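Enquirer: Let me begin by handing over the structure; questions about it come next.
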Amino acid sequence: MAVLGQILKFVLLFEGVSGERVFLYFRPGQDAILPCDRVSPEETQCSHISWYHQSDQTKAVFEGNQGKVCLTSARAARLRLVTGCSLIINNITAEDVGRYGCLSENTADDDSYVFLSVLTISSSAADADAQTDDRITLTCSLLRYLQVPLCPENSLQWVNETGAVLSGEGVGYELNGKKGCGSSLTVTRQSGQNRRYTCRFVERGSVKIDAEYTAVSTGTGVSGEDVFLYFRSGQDAILPCDRVSPEETQCSHIYWYHDSDQTKTVFEVNQGKVSQNSTRAARLRLVTGCSLIINNITAEDAGRYGCQSENTANDDSFVYLSVLTISSSAADADAQTDDRITLTCSLLRYLQVPLCPENSLQWVNETGAVLSGEGVGYELNGQKDCGSSLTVTRQSGQNRRYTCRFVERGSMKIDAEYTFPRQSETFIIVGAVGGALLVVLVVITAVLLLKYRKRAQTPNTDGAQKQSHHVEEPEGGLTYVTVDHNNKNTSPEEKVEEKERVTYSTLRAPGEAEADDDPANVYSFIR
């Protein structure tokens with residue numbers, strides 16, 4: 001039976017052991033799901049699984065040991081193991097970059113590897129300190145495992161808010177070129193304009209990850225125009241105040257308030273100081289120009305913000321903050337198999353703002369193609385008000401990425417993406433090879449069972465009849481053996497009642513000699 005166990009193990013190893021290296025890309029603040037190819041996607045018992053991390057090949061730090069997060073890890077508070085023994089890392093940072101290995105105590109296979117890269121974008125000047133027309137430099141960097149080859153030429157691209165790829169020098173910008181896995185762009189901030197620049201990493205014609213930077217300008221301070229800003233959850237927002245000059249540092253006469261509709265107003269800042277009664281007080285601060293910064297934007301932050309000054313009789317200046325969210329109908333940790341899930345995209349905004357125009361919420365796939373109607377692996381359910389849903393089919397071994405974007409007057413204002421984590425691939429044996437393997441397995445199983453049965457039984461040879469061979473009959477390839485198990489000490493009448501007849505049949509290839517009978521060469525069954 002041990003041989004049979006080894007054969008079954010050999011067959012089962014074809015499932016969930018792809019052994020491929022997985023490359024994942026994230027922005028800071030996102031959550032990562034790292035799959036382990038050493039187990040099946042449905043595995044819940046992970047006591048034999050360990051995870052370790054390397055930023056290079058000199059040092060390995062264990063993050064998970066025997067199915068539990070290592071409390072000695074610097075990122076322990078952000079780690080957890082889920083179904084399939086996948087490792088979740090919350091709130092990704094630059095320090096999380098590197099190679100993650102998953103190893104199992106139950107197999108001698110090589111460890112499976114996940115390479116995690118992080119794309120960052122930063123500016124040479126903080127928005128709070130650069131409110132006038134000036135030139136700032138944006139730096140885009142792809143941080144990755146040190147032993148991975150450098151980024152190919154032109155793999156880091158810059159695009160503006162219209163989606164146009166920037167090159168060389170143009171109106172308001174100058175591309176400084178790429179060095180290694182970094183690229184920089186110098187832009188001119190202009191009064192009254194909120195320009196958005198996106199850096200994206202492209203590999204083999206596919207956009208793997210992108211990050212954006214919005215240069216916020218407060219204008220001249222007297223425009224009085226309403227400002228509309230768009231953000232994703234987790235981003236930081238800077239709300240300009242048009243009641244003061246951009247260089248103003250004395251804000252004791254400034255008030256900020258928020259309302260999601262016109263029924264209730266909550267003051268966030270009183271006389272230049274953050275109100276401690278605000279539920280978002282810990283995430284607020286005032287900076288140069290009396291601009292209000294909101295860290296780690298949430299859906300509850302959507303609405304209208306008013307800035308008013310005690311030193312002027314002018315109307316308040318308003319900033320309308322909208323938040324784009326994207327979610328799925330199933331948690332990644334609980335939906336590891338092929339299935340259909342629904343992605344929901346919602347633009348949360350001030351209730352008195354007109355509803356989103358028709359077709360203003362668009363879905364695109366990882367190639368940038370706009371999705372419509374129904375296609376391979378997806379079905380667009382349409383837009384209703386400021387929400388849109390897309391039903392997609394998750395497929396094993398594929399990292400599909402879907403992006404929802406809000407487009408207004410031909411310009412994309414904001415987008416949010418959803419990426420399915422890569423799952424362990426399942427290899428199914430088909431065709432002639434699969435059939436041959438199955439036959440061999442059945443034959444060996446039958447032989448082993450026959451041997452086991454013979455060893456377990458002690459046949460009563462005195463009561464057994466001689467074998468009857470019917471080699472001359474049309475069914476000459478069949479040999480029947482009838483065995484009567486009787487108690488020789490019983491009376492003839494009792495023998496008739498107690499007789500239990502068992503007939504064994506043997507399948508033999510034509511022409512074989514009877515002397516060649518070998519249990520290893522036959523199929524046997526009992527009837």
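In the structure tokens, the first chain shown is A, the next is B, and so on; residue numbers restart at 1 for each chain, and ligands run from 1 in the order shown.
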Hey, what's within 8 Å of Ala32 of chain A if we count only C-alpha atoms and toss same-chain stuff fewer than 2 positions away? As an NGL selection string, please?
Expert: :A and (26 or 30 or 34 or 88-90 or 92)
Enquirer: Do you know which residues are at most 10 Å from Ser206 of chain A counting only C-alpha atoms, after dropping those on the same chain fewer than 2 positions away, and could you put them as a PyMOL selection string?
Expert: chain A and resi 155+201-204+208-209+366-368
Enquirer: For segment 273-315 of chain A against segment 347-364 of chain A, with a cut-off of 9 Å and counting only C-alpha atoms, what is the closest atom pair and its distance in Å to one decimal for every residue that makes the cut, ordered by chain and number, as a Markdown table?
Expert:
| residue | atom | partner | partner_atom | distance |
| --- | --- | --- | --- | --- |
| A:Ala299 | CA | A:Leu348 | CA | 6.8 |
| A:Glu300 | CA | A:Leu348 | CA | 8.7 |
| A:Ala302 | CA | A:Arg349 | CA | 5.4 |
| A:Gly303 | CA | A:Tyr350 | CA | 4.1 |
| A:Arg304 | CA | A:Tyr350 | CA | 5.9 |
Enquirer: Mind writing the picked residues with N, CA and C atoms as a PDB file, in the first residue's frame?
Expert:
ATOM      1  N   ALA A 299     -14.207  57.798   2.308  1.00  0.00           N
ATOM      2  CA  ALA A 299     -15.470  58.126   1.637  1.00  0.00           C
ATOM      3  C   ALA A 299     -16.252  59.183   2.414  1.00  0.00           C
ATOM      4  N   GLU A 300     -16.124  59.190   3.750  1.00  0.00           N
ATOM      5  CA  GLU A 300     -16.853  60.158   4.573  1.00  0.00           C
ATOM      6  C   GLU A 300     -16.360  61.581   4.393  1.00  0.00           C
ATOM      7  N   ALA A 302     -15.983  63.073   1.551  1.00  0.00           N
ATOM      8  CA  ALA A 302     -16.585  63.695   0.366  1.00  0.00           C
ATOM      9  C   ALA A 302     -17.563  64.787   0.792  1.00  0.00           C
ATOM     10  N   GLY A 303     -17.655  65.828  -0.013  1.00  0.00           N
ATOM     11  CA  GLY A 303     -18.592  66.907   0.291  1.00  0.00           C
ATOM     12  C   GLY A 303     -18.037  68.272  -0.086  1.00  0.00           C
ATOM     13  N   ARG A 304     -18.688  69.306   0.450  1.00  0.00           N
ATOM     14  CA  ARG A 304     -18.276  70.688   0.167  1.00  0.00           C
ATOM     15  C   ARG A 304     -17.554  71.267   1.379  1.00  0.00           C
TER      16      ARG A 304
END
Enquirer: Can you pull out the residues contacting segment 171-183 of chain A? Cut-off 6 Å, using only C-alpha atoms, and skip same-chain residues under 3 positions away; I want them as a VMD selection string.
Expert: chain A and resid 139 to 142 150 to 151 168 186 to 188
